[in-house]
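First up is the structure itself, then whatever we jot down about it.
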Amino acid sequence: MVLGLMLCAAQGMNAQALDPNILKYLSTIDTIYTEHIADKDYAPVPWEKDGLHAGMQMSQFTLLTVRADKSYDVPDYVEMYIRMKNFYGELVCEKTCDASSALAYIADGDADFLGLTMKDFIERGGEYVLERGIPWLEIAKTSNLTLVDEPTVRMQNFSQVRTGSDLDALVLFNTGYPYDHSRLTGQEKAEWKLQYLAPNSKERVDLDKGEIALTFDNSKQPKLATIDTLKIFKEKPALGEYYFEVKTDWEKEALGDMSHRNSLFQVVDTLRATATIDKEQYQMGTDQQLVVDLSLDYGYPFIHTTAPDTVPTVRIRYQITAEGEKLFTDSLEIADPNLAVEPLKRNDKLVMNFDKVTDDLFGDATQMPIYVHVTVEYDGNLQFTADFKPILLKSDIVGISEALIDDRKSSKLFDLQGRSAATKPANGIYIQDGKKVIIK
């Protein structure tokens with residue numbers, strides 16, 4: 001559908017905001033079409049027929065301009081909008097943009113255009129209204145749309161669920177549009193059941209089942225497809241596979257295979273990891289290494305092989321940076337065919353050496369924060385990350401004054417420059433009785 005509108009510059013505009021010589025003429029062009037519809041599992045399917053259909057709508061609103069050779073002031077904000085409402089005035093989708101920069105940028109002489117595109121999924125057929133415009137130019141357009149649709153039974157959120165999460169799924173019965181409600185008998189129903197397959201088991205067990213009466217009451221909004229729903233909720237289901245099935249005797253011929261829907265979904269485990277470092281402060285020359293203790297725990301459905309790995313692999317990467325410079329980086333790979341068939345439990349010590357850290361990095365400082373970054377990946381995805389910021393200290397402490405040495409029997413604390421520390425000093429290294437102490 002293509003709609004065009006020609007507006008003379010001297011007509012329909014705010015004379016205080018716009019000079020008649022600003023724009024010789026304006027032309028607004030609309031393009032509205034259905035890009036995709038949804039199959040029974042909400043996957044996008046290209047729409048190649050004529051007319052508009054419920055599904056993914058593409059709406060484009062374009063303003064074409066030809067300018068006169070005269071400058072003009074544009075407000076700081078110029079709204080350009082597209083919005084879709086249903087027949088009853090309820091907002092379905094909307095997109096706006098600020099067109100002020102583009103309008104202000106328009107140079108003298110040549111034609112130009114501003115465009116705004118909106119893509120959104122319209123779930124059900126019916127009568128809709130498309131609105132678009134630029135209020136500053138006093139442009140406002142409205143078009144009535146009819147989106148056709150067919151009867152469907154669709155299933156939402158029957159997908160992979162993480163352990164500890166709730167199953168909150170929905171079965172949606174949609175009459176389509178237009179639909180002759182006189183065909184309904186009032187006896188329409190749907191039957192459903194939920195089964196469970198435990199890990200390492202081969203037998204499904206019935207968990208729940210039931211029957212609902214379908215009520216397609218369109219008395220409140222007859223200009224839209226009527227929807228009835230079946231909600232399936234289970235709090236924190238156990239690990240394993242679940243099989244859901246729903247059957248309906250409503251419109252069996254029109255629905256075809258959608259009158260009997262089923263879905264197999266998993267409740268999967270997630271990788272649990274903890275990481276700690278052996279110290280929060282390290283002394284150059286004394287401490288040669290930084291050690292990260294890493295624990296991994298992962299269960300059903302285990303770790304699957306992904307390219308380019310030939311066997312299931314966990315990758316653990318870690319690095320040290322200081323002053324923006326990468327000082328040390330390494331990785332640990334756990335490659336084991338048993339990762340795909342057995343739960344994973346590992347405890348590893350990742351050793352990071354300080355060999356590449358030199359006094360040159362410290363400059364005049366006596367201590368320097370370093371950054372330790374630990375990541376764990378499996379199945380091609382980042383699963384865990386941890387960051388630490390320990391302190392690295394110089395091996396030689398300088399700048400301690402004689403006054404400090406003379407007063408060392410007083411048990412007072414002094415910082416590394418020989419100054420008396422506060423009564424409640426901050427975390428760090430101090431001198432007490434001639435010895436270095438660490439306050440945490």
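The chains in the structure tokens are called A, B, ... from first to last as shown; in each chain the residues are counted from 1, and the ligands are counted from 1 in the order shown.
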- Message: Which residues are close to segment 250-255 of chain A, i.e. within 10 Å by only C-alpha atoms, leaving aside same-chain residues fewer than 5 positions away? Reply as a ChimeraX atom specification.
- Response: /A:150-153,173,175,183-185,187-190,214,260
- Query: So which residues touch Lys85 of chain A within 12 Å, counting only C-alpha atoms, skipping near sequence neighbours fewer than 2 positions away, as a list in words?
  - Reply: Ile82, Arg83, Phe87, Tyr88, Gly89, Glu90, Leu91, Val92, Cys93, Glu94, Ile122, Gly126, Glu127, Tyr128, Val129, Leu130, Glu131, Arg132, Thr142, Ser143, Asn144, Leu145, Thr146 and Leu224 of chain A
- Task: List the neighbours of Asp50 of chain A out to 12 Å using only C-alpha atoms; skip same-chain residues closer than 3 positions along the sequence, and give me the result as a list in words.
- Result: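 In the requested format, the answer is Met1, Ile32, Tyr33, Thr34, Glu35, Trp47, His53, Leu147 and Val148 of chain A.
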Determine which residues of segment 31-269 of chain A DSSP labels as alpha helix (DSSP H) from the backbone of this structure, then write them out as a PDB file with N, CA and C atoms, in the first residue's frame.
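File produced: selection_11.pdb:
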ATOM      1  N   SER A 100      15.427  17.020  14.095  1.00  0.00           N
ATOM      2  CA  SER A 100      15.956  18.387  14.074  1.00  0.00           C
ATOM      3  C   SER A 100      17.332  18.468  13.418  1.00  0.00           C
ATOM      4  N   SER A 101      18.213  17.498  13.747  1.00  0.00           N
ATOM      5  CA  SER A 101      19.562  17.541  13.177  1.00  0.00           C
ATOM      6  C   SER A 101      19.527  17.413  11.661  1.00  0.00           C
ATOM      7  N   ALA A 102      18.680  16.498  11.169  1.00  0.00           N
ATOM      8  CA  ALA A 102      18.600  16.300   9.723  1.00  0.00           C
ATOM      9  C   ALA A 102      18.017  17.521   9.035  1.00  0.00           C
ATOM     10  N   LEU A 103      17.004  18.137   9.632  1.00  0.00           N
ATOM     11  CA  LEU A 103      16.411  19.329   9.023  1.00  0.00           C
ATOM     12  C   LEU A 103      17.398  20.486   9.030  1.00  0.00           C
ATOM     13  N   ALA A 104      18.133  20.641  10.130  1.00  0.00           N
ATOM     14  CA  ALA A 104      19.091  21.739  10.224  1.00  0.00           C
ATOM     15  C   ALA A 104      20.264  21.541   9.274  1.00  0.00           C
ATOM     16  N   TYR A 105      20.556  20.290   8.956  1.00  0.00           N
ATOM     17  CA  TYR A 105      21.714  19.989   8.114  1.00  0.00           C
ATOM     18  C   TYR A 105      21.422  20.195   6.631  1.00  0.00           C
ATOM     19  N   LYS A 252     -11.011 -28.199  13.724  1.00  0.00           N
ATOM     20  CA  LYS A 252      -9.983 -29.197  13.398  1.00  0.00           C
ATOM     21  C   LYS A 252      -9.602 -29.158  11.927  1.00  0.00           C
ATOM     22  N   GLU A 253     -10.582 -28.949  11.059  1.00  0.00           N
ATOM     23  CA  GLU A 253     -10.267 -28.918   9.632  1.00  0.00           C
ATOM     24  C   GLU A 253      -9.456 -27.682   9.272  1.00  0.00           C
ATOM     25  N   ALA A 254      -9.820 -26.540   9.816  1.00  0.00           N
ATOM     26  CA  ALA A 254      -9.089 -25.298   9.514  1.00  0.00           C
ATOM     27  C   ALA A 254      -7.694 -25.313  10.136  1.00  0.00           C
ATOM     28  N   LEU A 255      -7.580 -25.877  11.328  1.00  0.00           N
ATOM     29  CA  LEU A 255      -6.294 -25.893  12.025  1.00  0.00           C
ATOM     30  C   LEU A 255      -5.336 -26.933  11.446  1.00  0.00           C
TER      31      LEU A 255
END
- Task: Pick out the closest residue to Leu194 of chain A from this set: A:Thr321, A:Thr96, A:Asn262, A:Ser159. Count only C-alpha atoms.
- Result: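 Of all the options, A:Asn262 lies closest to Leu194 of chain A.
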- Message: For Gln283 of chain A, find every residue with an atom within 9 Å (counting only C-alpha atoms), except residues of its own chain fewer than 5 positions away, and show them as a list in words.
- Response: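 Using only C-alpha atoms, the neighbours found are Gln288, Ile391, Leu392, Leu393, Lys394 and Ser395 of chain A.
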- Item | Test item: residues at most 10 Å from segment 375-390 of chain A, only C-alpha atoms, excluding those fewer than 3 positions along its chain, as number ranges by chain | A: 270-277, 279-282, 290, 292, 294, 296, 302-309, 312-322, 331-334, 368-372, 393
Can those selected residues be exported to a file as a short mmCIF file (atom, residue, chain, number, x, y, z; two decimals), in the first residue's frame so that it contains N, CA and C atoms?
data_model
loop_
_atom_site.label_atom_id
_atom_site.label_comp_id
_atom_site.auth_asym_id
_atom_site.auth_seq_id
_atom_site.Cartn_x
_atom_site.Cartn_y
_atom_site.Cartn_z
N THR A 270 23.14 -25.11 35.02
CA THR A 270 24.01 -24.00 34.64
C THR A 270 25.35 -24.17 35.35
N LEU A 271 26.38 -23.66 34.75
CA LEU A 271 27.70 -23.79 35.35
C LEU A 271 27.79 -22.90 36.58
N ARG A 272 28.27 -23.49 37.66
CA ARG A 272 28.53 -22.74 38.89
C ARG A 272 30.04 -22.67 39.08
N ALA A 273 30.54 -21.52 39.38
CA ALA A 273 31.98 -21.36 39.53
C ALA A 273 32.26 -20.38 40.66
N THR A 274 33.33 -20.62 41.37
CA THR A 274 33.83 -19.68 42.37
C THR A 274 35.32 -19.52 42.15
N ALA A 275 35.81 -18.33 42.36
CA ALA A 275 37.24 -18.06 42.18
C ALA A 275 37.71 -17.16 43.32
N THR A 276 38.86 -17.47 43.87
CA THR A 276 39.48 -16.65 44.90
C THR A 276 40.97 -16.56 44.62
N ILE A 277 41.61 -15.52 45.12
CA ILE A 277 43.07 -15.41 45.01
C ILE A 277 43.67 -15.63 46.38
N LYS A 279 46.10 -14.13 48.00
CA LYS A 279 46.44 -12.97 48.82
C LYS A 279 45.80 -11.73 48.21
N GLU A 280 45.70 -10.69 49.02
CA GLU A 280 45.23 -9.41 48.51
C GLU A 280 46.39 -8.45 48.27
N GLN A 281 47.59 -8.78 48.82
CA GLN A 281 48.78 -7.95 48.63
C GLN A 281 49.98 -8.87 48.40
N TYR A 282 50.78 -8.49 47.43
CA TYR A 282 51.95 -9.29 47.05
C TYR A 282 53.20 -8.42 47.10
N LEU A 290 51.04 -15.43 41.82
CA LEU A 290 49.67 -15.20 42.26
C LEU A 290 48.88 -16.45 41.91
N VAL A 292 45.21 -18.44 41.72
CA VAL A 292 43.75 -18.37 41.71
C VAL A 292 43.20 -19.78 41.96
N LEU A 294 40.10 -22.02 41.58
CA LEU A 294 38.89 -22.02 40.79
C LEU A 294 38.16 -23.34 40.96
N LEU A 296 34.72 -25.51 39.72
CA LEU A 296 33.68 -25.61 38.71
C LEU A 296 32.73 -26.75 39.06
N PHE A 302 24.97 -31.60 30.73
CA PHE A 302 26.40 -31.74 30.50
C PHE A 302 26.88 -30.81 29.38
N ILE A 303 28.10 -30.97 29.00
CA ILE A 303 28.72 -30.04 28.06
C ILE A 303 28.82 -30.69 26.70
N HIS A 304 28.30 -30.01 25.70
CA HIS A 304 28.23 -30.58 24.38
C HIS A 304 29.41 -30.13 23.53
N THR A 305 29.77 -30.97 22.58
CA THR A 305 30.86 -30.63 21.68
C THR A 305 30.43 -29.54 20.73
N THR A 306 31.27 -28.54 20.56
CA THR A 306 31.02 -27.48 19.60
C THR A 306 32.27 -27.25 18.79
N ALA A 307 32.08 -26.88 17.51
CA ALA A 307 33.23 -26.58 16.66
C ALA A 307 33.98 -25.40 17.25
N PRO A 308 35.32 -25.38 17.16
CA PRO A 308 36.17 -26.34 16.44
C PRO A 308 36.67 -27.50 17.32
N ASP A 309 36.04 -27.70 18.48
CA ASP A 309 36.51 -28.75 19.38
C ASP A 309 36.05 -30.13 18.88
N PRO A 312 34.22 -32.32 24.02
CA PRO A 312 33.73 -31.23 24.87
C PRO A 312 34.88 -30.56 25.61
N THR A 313 34.87 -29.23 25.63
CA THR A 313 36.00 -28.48 26.16
C THR A 313 35.53 -27.31 27.01
N VAL A 314 36.15 -27.16 28.16
CA VAL A 314 36.00 -25.97 28.99
C VAL A 314 37.28 -25.17 28.87
N ARG A 315 37.16 -23.88 28.60
CA ARG A 315 38.34 -23.01 28.53
C ARG A 315 38.31 -22.02 29.69
N ILE A 316 39.43 -21.94 30.37
CA ILE A 316 39.58 -20.99 31.47
C ILE A 316 40.70 -20.04 31.08
N ARG A 317 40.38 -18.77 30.98
CA ARG A 317 41.38 -17.77 30.59
C ARG A 317 41.61 -16.83 31.78
N TYR A 318 42.85 -16.42 31.94
CA TYR A 318 43.16 -15.50 33.02
C TYR A 318 44.32 -14.62 32.61
N GLN A 319 44.33 -13.41 33.13
CA GLN A 319 45.39 -12.47 32.77
C GLN A 319 45.60 -11.47 33.89
N ILE A 320 46.82 -10.88 33.89
CA ILE A 320 47.16 -9.81 34.81
C ILE A 320 47.47 -8.57 33.98
N THR A 321 46.88 -7.45 34.36
CA THR A 321 47.24 -6.18 33.72
C THR A 321 47.55 -5.17 34.82
N ALA A 322 48.40 -4.23 34.48
CA ALA A 322 48.75 -3.14 35.39
C ALA A 322 49.08 -1.92 34.55
N SER A 331 45.93 -19.64 29.60
CA SER A 331 44.63 -20.30 29.60
C SER A 331 44.80 -21.76 29.96
N LEU A 332 43.73 -22.32 30.44
CA LEU A 332 43.69 -23.73 30.80
C LEU A 332 42.51 -24.35 30.06
N GLU A 333 42.75 -25.47 29.40
CA GLU A 333 41.69 -26.16 28.70
C GLU A 333 41.43 -27.51 29.34
N ILE A 334 40.15 -27.78 29.59
CA ILE A 334 39.74 -29.09 30.09
C ILE A 334 39.01 -29.77 28.94
N MET A 368 51.41 -0.71 43.60
CA MET A 368 50.70 -0.57 42.35
C MET A 368 49.55 -1.58 42.32
N PRO A 369 48.32 -1.12 41.99
CA PRO A 369 47.22 -2.09 41.85
C PRO A 369 47.39 -2.89 40.55
N ILE A 370 47.15 -4.16 40.63
CA ILE A 370 47.15 -5.00 39.43
C ILE A 370 45.75 -5.57 39.26
N TYR A 371 45.45 -5.99 38.06
CA TYR A 371 44.09 -6.43 37.73
C TYR A 371 44.15 -7.87 37.23
N VAL A 372 43.40 -8.73 37.88
CA VAL A 372 43.36 -10.14 37.53
C VAL A 372 41.97 -10.44 36.98
N LEU A 393 53.56 -4.75 45.74
CA LEU A 393 54.44 -3.84 46.48
C LEU A 393 55.87 -4.00 45.99
#
- A:Leu137, A:Ile37, A:Leu116, A:Leu239: which is nearest Leu52 of chain A, counting only C-alpha atoms?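 Checking each of A:Leu137, A:Ile37, A:Leu116, A:Leu239 against Leu52 of chain A, counting only C-alpha atoms, the winner is A:Ile37.
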- Query: Which of these residues is nearest to Asp293 of chain A, using only C-alpha atoms: A:Gly133, A:Val268, A:Lys349, A:Lys119?
  - Reply: A:Lys349
- Item | Coordinates-based distance that separates atom CA of Met352 of chain A from atom CA of Val311 of chain A (Å, one decimal) | 26.9 Å
- For Glu211 of chain A, which of A:His181, A:Arg124, A:Lys223, A:Lys231 is the closest residue, counting only C-alpha atoms? A:Lys231
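For the pair atom CA of Ser165 of chain A and atom CA of Gly299 of chain A, the interatomic distance is 15.6 Å.
In this comparison, which uses only C-alpha atoms, the residue of A:Phe265, A:Trp136, A:Phe233, A:Phe121 approaching Asp98 of chain A most closely is A:Trp136.
In this model, the gap between atom CA of Gly125 of chain A and atom CA of Pro46 of chain A comes to 16.7 Å.
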- In terms of the shortest atom-to-atom distance over only C-alpha atoms, which of A:Gly176, A:Gly285, A:Gly115, A:Gly256 is closest to Asn353 of chain A?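 Smallest distance to Asn353 of chain A is found for A:Gly285.
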- Where in segment 128-372 of chain A does DSSP assign strand (DSSP E), given as a PyMOL selection string? chain A and resi 128-134+139-147+152-156+161-162+167-174+189-197+205-213+227-234+240-248+260-268+272-277+281-283+289-298+313-322+325-335+344-353+367-369+371-372
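By chain and then residue number, the residues within 10 Å of Ala169 of chain A are Met155, Gln156, Asn157, Phe158, Ser159, Leu230, Lys231, Ile232, Phe233 and Lys234 of chain A, counting only C-alpha atoms and disregarding those fewer than 6 positions away in sequence.
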May I have the selected residues written with C-alpha atoms, as an mmCIF file, in the first residue's frame?
data_model
loop_
_atom_site.group_PDB
_atom_site.id
_atom_site.type_symbol
_atom_site.label_atom_id
_atom_site.label_comp_id
_atom_site.auth_asym_id
_atom_site.auth_seq_id
_atom_site.Cartn_x
_atom_site.Cartn_y
_atom_site.Cartn_z
ATOM 1 C CA MET A 155 2.799 -22.205 22.028
ATOM 2 C CA GLN A 156 4.923 -19.628 23.839
ATOM 3 C CA ASN A 157 7.926 -20.085 26.156
ATOM 4 C CA PHE A 158 8.141 -23.868 25.810
ATOM 5 C CA SER A 159 11.885 -23.682 25.452
ATOM 6 C CA LEU A 230 -4.057 -21.880 28.509
ATOM 7 C CA LYS A 231 -1.386 -21.072 31.091
ATOM 8 C CA ILE A 232 1.085 -23.778 32.123
ATOM 9 C CA PHE A 233 3.072 -22.951 35.271
ATOM 10 C CA LYS A 234 5.425 -25.147 37.273
#
